[in-house]
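Participant: Handing you a structure now.
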Protein chains: 2
Amino acid sequence: MPRYALLVEYDGTPFVGWQRQTNGLSVQQVLEEAAAPLNGGVLPDTVASGRTDAGVHAEGQVVGIELQADLPPERVREALNTRSRPHPVSVLSVAIPPEEWSARFSARGRAYRYRILNRRPRPALEIGRVWHVPQRLDAAAMHEAAQMLLGKHDFSAYRAAACQAKDALRTLDRLDISRFGEEVVIHTAARSFLHHQVRNMVGTLVEVGLGRRPVSWPRQILDGRNRTRAGQTAPPDGLCFLRAEYPEPLDWC
Amino acid sequence: MPRYALLVEYDGTPFVGWQRQTNGLSVQQVLEEAAAPLNGGVLPDTVASGRTDAGVHAEGQVVGIELQADLPPERVREALNTRSRPHPVSVLSVAIPPEEWSARFSARGRAYRYRILNRRPRPALEIGRVWHVPQRLDAAAMHEAAQMLLGKHDFSAYRAAACQAKDALRTLDRLDISRFGEEVVIHTAARSFLHHQVRNMVGTLVEVGLGRRPVSWPRQILDGRNRTRAGQTAPPDGLCFLRAEYPEPLDWC
């Protein structure tokens with residue numbers, strides 16, 4: 001059966017997350033129901049590069065899907081975008097992936113952005129898109145602390161209690177923190193992340209930004225491998241899945 | 001009674017517009033109800049620099065308000081932001097205006113931004129914040145056409161049928177159109193605008209961007225002074241009130 005790769009944008013606010021669940025609507029369900037008419041009326045299976053949590057957004061989620069219909073990529077995109085209305089899910093582009101390709105297991109890199117609105121007044125225009133931290137953050141101190149987390153480590157201290165990964169060994173390639181006016185923006189990249197890893201790192205670095213903990217603290221927490229010692233899990237609102245990278249770049253059209 | 005100037009951000013999506021109306025919730029009503037406890041329990045009167053329509057947003061609306069309470073500006077801001085929850089309205093800053101100051105009549109300049117999402121797939125993350133135009137726009141042609149609208153003219157062709165202004169003579173100071181990736185962004189500024197003037201100019205310029213009309217057409221429409229000849233009124237979603245300027249700059253704190 002023909003296989004397609006989808007590049008997908010979504011607003012995570014109204015969803016229980018990427019993955020199908022019994023307690024509410026997921027991005028996966030919206031896409032699979034939109035695709036069923038291209039699959040003989042049967043719900044197809046989809047696999048995402050990153051299984052985002054409830055409230056987490058995506059600008060470039062990559063989804064693998066197998067369909068009975070053999071169509072040009074543009075036709076698949078148009079059909080899915082017409083049928084997924086009015087949900088805030090949009091297929092930006094479709095590619096024909098190489099054989100044996102998996103959106104999840106072939107990915108060699110994943111990139112996320114986390115946005116903090118760092119001003120006293122609460123957000124109005126960016127509700128649901130940022131974490132509002134009213135006290136002034138020292139972004140330079142956060143960046144300095146973040147650099148000590150780069151490289152290959154056991155990230156047990158930064159994984160969710162519910163994390164299902166077999167081991168916590170991950171290689172963090174990028175964790176950059178910059179201020180842009182009222183926003184403090186975190187960019188991070190790795191081959192893969194543990195469940196809640198980005199949000200736990202952000203919550204811990206904010207303790208440094210607020211001056212409650214020294215710059216060395218997030219690394220100490222890492223070395224201690226004890227989840228209960230790290231900072232809070234930052235809310236999902238500020239997190240956005242930006243892109244996934246594959247050894248053979250997909251030919252999006 | 002003490003008078004205050006408020007710098008206000010809001011998401012226009014859930015509102016009938018700035019102004020109080022009987023058919024739904026307005027930004028004005030949210031602010032006046034939030035301010036009543038600072039005014040002896042009585043609803044205060046507010047005046048906005050620009051009376052935005054339903055669905056139009058603001059990053060820097062300026063509002064004048066008179067209150068019985070004599071408080072430091074920061075206290076007014078905090079009280080209003082606490083009491084206006086959970087509506088997407090946030091007071092960014094408060095100033096003590098000069099005597100005889102009016103948010104509306106003292107303003108010497110107003111600036112708006114209009115965002116068009118110019119790509120084939122519909123928006124997911126920017127629903128309600130952009131006008132989605134799926135066909136490719138020639139932003140350079142739009143900019144060229146826009147420059148012919150600058151200066152002092154009778155803008156009758158670009159005013160709403162319901163516009164209540166006595167005359168249609170306005171001076172357009174800026175109308176810049178640029179492409180930023182998938183977005184075509186319009187920045188405009190004038191001492192004041194007619195009702196729907198920005199949205200009518202945008203709707204008319206888009207006809208040029210689509211290649212349906214020549215670059216000279218928006219100016220011909222202006223000279224004809226006939227509203228029924230111009231392009232469609234662009235939807236409110238893409239429009240945002242950015243700021244108002246006063247001869248004596250306000251001391252925001």
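Identifiers in this document derive from the order of the structure tokens: chains are assigned A, B, ..., residues are numbered from 1 separately in each chain, and ligands are numbered from 1 in order of occurrence.
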What lies within 12 Å of Gln164 (chain A) using only C-alpha atoms, ignoring chain neighbours under 2 positions off, as a list in words?

Facilitator: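 Residues near the query, excluding close chain neighbours: Ser156, Arg159, Ala160, Ala161, Ala162, Lys166, Asp167, Ala168, Phe193, Leu194, His195 and His196 of chain A.
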
Participant: Restrict the selected residues to C-alpha atoms and save them as a compact mmCIF listing (two decimals), in the first residue's frame.

Facilitator:
# COMPACT_ATOMS: atom_id res chain seq x y z
CA SER A 156 16.67 10.21 34.83
CA ARG A 159 12.14 12.29 32.90
CA ALA A 160 8.48 11.95 33.81
CA ALA A 161 7.50 9.34 36.37
CA ALA A 162 5.32 7.80 33.64
CA LYS A 166 13.85 1.55 28.58
CA ASP A 167 16.80 3.68 29.60
CA ALA A 168 17.34 7.36 30.28
CA PHE A 193 13.92 13.18 24.28
CA LEU A 194 12.46 11.44 27.32
CA HIS A 195 8.84 12.07 28.32
CA HIS A 196 8.60 15.60 29.82

Participant: Compute the chain A side of the contact with chain B at 10 Å, counting only C-alpha atoms, and hand it back as a compact mmCIF listing (two decimals) with C-alpha atoms, in the first residue's frame.

Facilitator:
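This went into selection.txt:
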# COMPACT_ATOMS: atom_id res chain seq x y z
CA VAL A 8 1.76 18.78 10.16
CA GLU A 9 1.06 22.03 12.04
CA TYR A 10 -1.34 22.04 14.99
CA ASP A 11 -2.52 24.08 17.92
CA GLY A 12 -2.35 21.64 20.84
CA THR A 13 -4.77 23.58 23.06
CA HIS A 57 1.84 22.61 19.70
CA ALA A 58 3.61 21.66 16.47
CA GLU A 59 4.91 23.68 13.56
CA ARG A 77 -2.68 17.17 1.46
CA GLU A 78 -5.79 18.85 0.02
CA ASN A 81 -7.04 19.63 5.00
CA THR A 82 -10.58 19.70 3.68
CA ARG A 85 -11.91 21.12 9.29
CA PRO A 86 -12.59 22.91 11.56
CA HIS A 87 -9.95 21.43 13.86
CA PRO A 88 -6.70 23.41 14.24
CA VAL A 89 -4.66 20.81 12.37
CA SER A 90 -3.16 21.56 8.95
CA VAL A 91 -1.08 19.34 6.67
CA LEU A 92 1.60 21.67 5.31
CA SER A 93 3.24 19.24 2.95
CA ARG A 119 6.62 40.42 31.95
CA ARG A 120 4.42 41.44 34.82
CA PRO A 121 1.05 41.69 32.98
CA ARG A 122 -0.57 38.39 32.06
CA PRO A 123 -0.81 37.42 28.37
CA ALA A 124 -3.86 38.27 26.28
CA LEU A 125 -2.76 37.60 22.69
CA GLU A 126 -0.48 34.66 23.54
CA ILE A 127 -2.71 32.76 25.97
CA ARG A 129 1.19 29.72 23.57

Participant: I'd like the contact shell of Arg20 (chain B) - 6 Å cut-off, only C-alpha atoms, skipping same-chain residues fewer than 2 positions apart - returned as a PyMOL selection string.

Facilitator: chain B and resi 26+28-29

Participant: Please produce a file of the residues just selected, as a tab-separated table (two decimals), in the first residue's frame, where the atoms kept are N, CA, C and O atoms.

Facilitator:
chain	number	residue	atom	x	y	z
B	26	SER	N	-18.04	43.17	24.96
B	26	SER	CA	-17.04	44.04	24.34
B	26	SER	C	-15.83	44.17	25.26
B	26	SER	O	-15.91	43.91	26.47
B	28	GLN	N	-14.55	46.98	26.03
B	28	GLN	CA	-14.91	48.10	26.91
B	28	GLN	C	-15.66	47.61	28.15
B	28	GLN	O	-15.35	48.02	29.28
B	29	GLN	N	-16.60	46.71	27.96
B	29	GLN	CA	-17.38	46.20	29.09
B	29	GLN	C	-16.47	45.44	30.07
B	29	GLN	O	-16.59	45.62	31.29

Participant: Among region 154-230 of chain A, which ones does DSSP assign to strand (DSSP E) (computed from the backbone)? Answer as a PDB file with N, CA, C and O atoms, in the first residue's frame.

Facilitator:
ATOM      1  N   ASP A 154      22.774  10.310  31.520  1.00  0.00           N
ATOM      2  CA  ASP A 154      21.568   9.666  32.041  1.00  0.00           C
ATOM      3  C   ASP A 154      20.659  10.790  32.539  1.00  0.00           C
ATOM      4  O   ASP A 154      20.981  11.466  33.516  1.00  0.00           O
ATOM      5  N   LEU A 169      19.362   7.235  28.971  1.00  0.00           N
ATOM      6  CA  LEU A 169      20.569   7.768  28.335  1.00  0.00           C
ATOM      7  C   LEU A 169      20.178   8.524  27.067  1.00  0.00           C
ATOM      8  O   LEU A 169      19.610   7.939  26.136  1.00  0.00           O
ATOM      9  N   ARG A 170      20.463   9.818  27.021  1.00  0.00           N
ATOM     10  CA  ARG A 170      20.135  10.631  25.858  1.00  0.00           C
ATOM     11  C   ARG A 170      21.295  11.591  25.592  1.00  0.00           C
ATOM     12  O   ARG A 170      22.047  11.932  26.519  1.00  0.00           O
ATOM     13  N   THR A 171      21.406  12.037  24.343  1.00  0.00           N
ATOM     14  CA  THR A 171      22.444  13.001  23.983  1.00  0.00           C
ATOM     15  C   THR A 171      21.783  14.320  23.618  1.00  0.00           C
ATOM     16  O   THR A 171      21.052  14.398  22.632  1.00  0.00           O
ATOM     17  N   LEU A 172      22.026  15.318  24.443  1.00  0.00           N
ATOM     18  CA  LEU A 172      21.431  16.635  24.216  1.00  0.00           C
ATOM     19  C   LEU A 172      22.385  17.450  23.347  1.00  0.00           C
ATOM     20  O   LEU A 172      23.524  17.714  23.737  1.00  0.00           O
ATOM     21  N   ASP A 173      21.911  17.839  22.156  1.00  0.00           N
ATOM     22  CA  ASP A 173      22.777  18.531  21.196  1.00  0.00           C
ATOM     23  C   ASP A 173      22.708  20.044  21.328  1.00  0.00           C
ATOM     24  O   ASP A 173      23.658  20.740  20.989  1.00  0.00           O
ATOM     25  N   ARG A 174      21.564  20.551  21.759  1.00  0.00           N
ATOM     26  CA  ARG A 174      21.393  22.020  21.811  1.00  0.00           C
ATOM     27  C   ARG A 174      20.418  22.377  22.902  1.00  0.00           C
ATOM     28  O   ARG A 174      19.389  21.708  23.060  1.00  0.00           O
ATOM     29  N   LEU A 175      20.748  23.421  23.662  1.00  0.00           N
ATOM     30  CA  LEU A 175      19.825  23.955  24.662  1.00  0.00           C
ATOM     31  C   LEU A 175      20.191  25.438  24.825  1.00  0.00           C
ATOM     32  O   LEU A 175      20.967  25.811  25.695  1.00  0.00           O
ATOM     33  N   ASP A 176      19.662  26.249  23.918  1.00  0.00           N
ATOM     34  CA  ASP A 176      20.007  27.675  23.850  1.00  0.00           C
ATOM     35  C   ASP A 176      18.893  28.516  24.442  1.00  0.00           C
ATOM     36  O   ASP A 176      17.712  28.292  24.134  1.00  0.00           O
ATOM     37  N   ILE A 177      19.259  29.479  25.242  1.00  0.00           N
ATOM     38  CA  ILE A 177      18.263  30.351  25.872  1.00  0.00           C
ATOM     39  C   ILE A 177      18.616  31.799  25.573  1.00  0.00           C
ATOM     40  O   ILE A 177      19.735  32.242  25.834  1.00  0.00           O
ATOM     41  N   SER A 178      17.649  32.520  24.996  1.00  0.00           N
ATOM     42  CA  SER A 178      17.872  33.923  24.624  1.00  0.00           C
ATOM     43  C   SER A 178      16.665  34.749  25.006  1.00  0.00           C
ATOM     44  O   SER A 178      15.536  34.249  24.998  1.00  0.00           O
ATOM     45  N   ARG A 179      16.915  36.013  25.277  1.00  0.00           N
ATOM     46  CA  ARG A 179      15.813  36.951  25.506  1.00  0.00           C
ATOM     47  C   ARG A 179      15.542  37.730  24.219  1.00  0.00           C
ATOM     48  O   ARG A 179      16.465  38.194  23.565  1.00  0.00           O
ATOM     49  N   PHE A 180      14.250  37.851  23.863  1.00  0.00           N
ATOM     50  CA  PHE A 180      13.823  38.729  22.776  1.00  0.00           C
ATOM     51  C   PHE A 180      12.759  39.647  23.354  1.00  0.00           C
ATOM     52  O   PHE A 180      11.582  39.269  23.424  1.00  0.00           O
ATOM     53  N   GLU A 183      10.153  38.252  25.797  1.00  0.00           N
ATOM     54  CA  GLU A 183      10.132  36.790  25.748  1.00  0.00           C
ATOM     55  C   GLU A 183      11.503  36.192  26.035  1.00  0.00           C
ATOM     56  O   GLU A 183      12.519  36.698  25.567  1.00  0.00           O
ATOM     57  N   VAL A 184      11.495  35.088  26.772  1.00  0.00           N
ATOM     58  CA  VAL A 184      12.685  34.260  26.917  1.00  0.00           C
ATOM     59  C   VAL A 184      12.387  32.977  26.145  1.00  0.00           C
ATOM     60  O   VAL A 184      11.392  32.302  26.407  1.00  0.00           O
ATOM     61  N   VAL A 185      13.231  32.689  25.151  1.00  0.00           N
ATOM     62  CA  VAL A 185      12.956  31.584  24.228  1.00  0.00           C
ATOM     63  C   VAL A 185      14.045  30.530  24.362  1.00  0.00           C
ATOM     64  O   VAL A 185      15.234  30.847  24.362  1.00  0.00           O
ATOM     65  N   ILE A 186      13.608  29.282  24.502  1.00  0.00           N
ATOM     66  CA  ILE A 186      14.523  28.141  24.631  1.00  0.00           C
ATOM     67  C   ILE A 186      14.432  27.300  23.366  1.00  0.00           C
ATOM     68  O   ILE A 186      13.329  26.887  22.972  1.00  0.00           O
ATOM     69  N   HIS A 187      15.560  27.049  22.720  1.00  0.00           N
ATOM     70  CA  HIS A 187      15.618  26.137  21.579  1.00  0.00           C
ATOM     71  C   HIS A 187      16.426  24.922  21.981  1.00  0.00           C
ATOM     72  O   HIS A 187      17.529  25.064  22.512  1.00  0.00           O
ATOM     73  N   THR A 188      15.881  23.743  21.713  1.00  0.00           N
ATOM     74  CA  THR A 188      16.604  22.532  22.085  1.00  0.00           C
ATOM     75  C   THR A 188      16.498  21.494  20.985  1.00  0.00           C
ATOM     76  O   THR A 188      15.513  21.464  20.224  1.00  0.00           O
ATOM     77  N   ALA A 189      17.533  20.665  20.870  1.00  0.00           N
ATOM     78  CA  ALA A 189      17.553  19.617  19.854  1.00  0.00           C
ATOM     79  C   ALA A 189      18.304  18.414  20.392  1.00  0.00           C
ATOM     80  O   ALA A 189      19.260  18.550  21.166  1.00  0.00           O
ATOM     81  N   ALA A 190      17.831  17.229  19.999  1.00  0.00           N
ATOM     82  CA  ALA A 190      18.466  15.966  20.381  1.00  0.00           C
ATOM     83  C   ALA A 190      17.972  14.896  19.415  1.00  0.00           C
ATOM     84  O   ALA A 190      16.984  15.098  18.711  1.00  0.00           O
TER      85      ALA A 190
END

Participant: Pick out the residues sitting within 9 Å of Gln68 (chain A), and hand them over as a VMD selection string; count only C-alpha atoms, and ignore anything fewer than 5 positions along from it in its own chain.

Facilitator: chain A and resid 1 to 3 38 to 40 44

Participant: Let me make sure I understand: among A:Arg113, A:Leu31, A:Ala95, A:Phe155, which one has the smallest atom-to-atom distance to Arg227 (chain A) if we use only C-alpha atoms?

Facilitator: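 Closest candidate: A:Phe155.
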
Participant: Quick one, how far is CA of Ala140 (chain B) from CA of Ile221 (chain B)?

Facilitator: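 Going from CA of Ala140 (chain B) over to CA of Ile221 (chain B) covers 19.4 Å.
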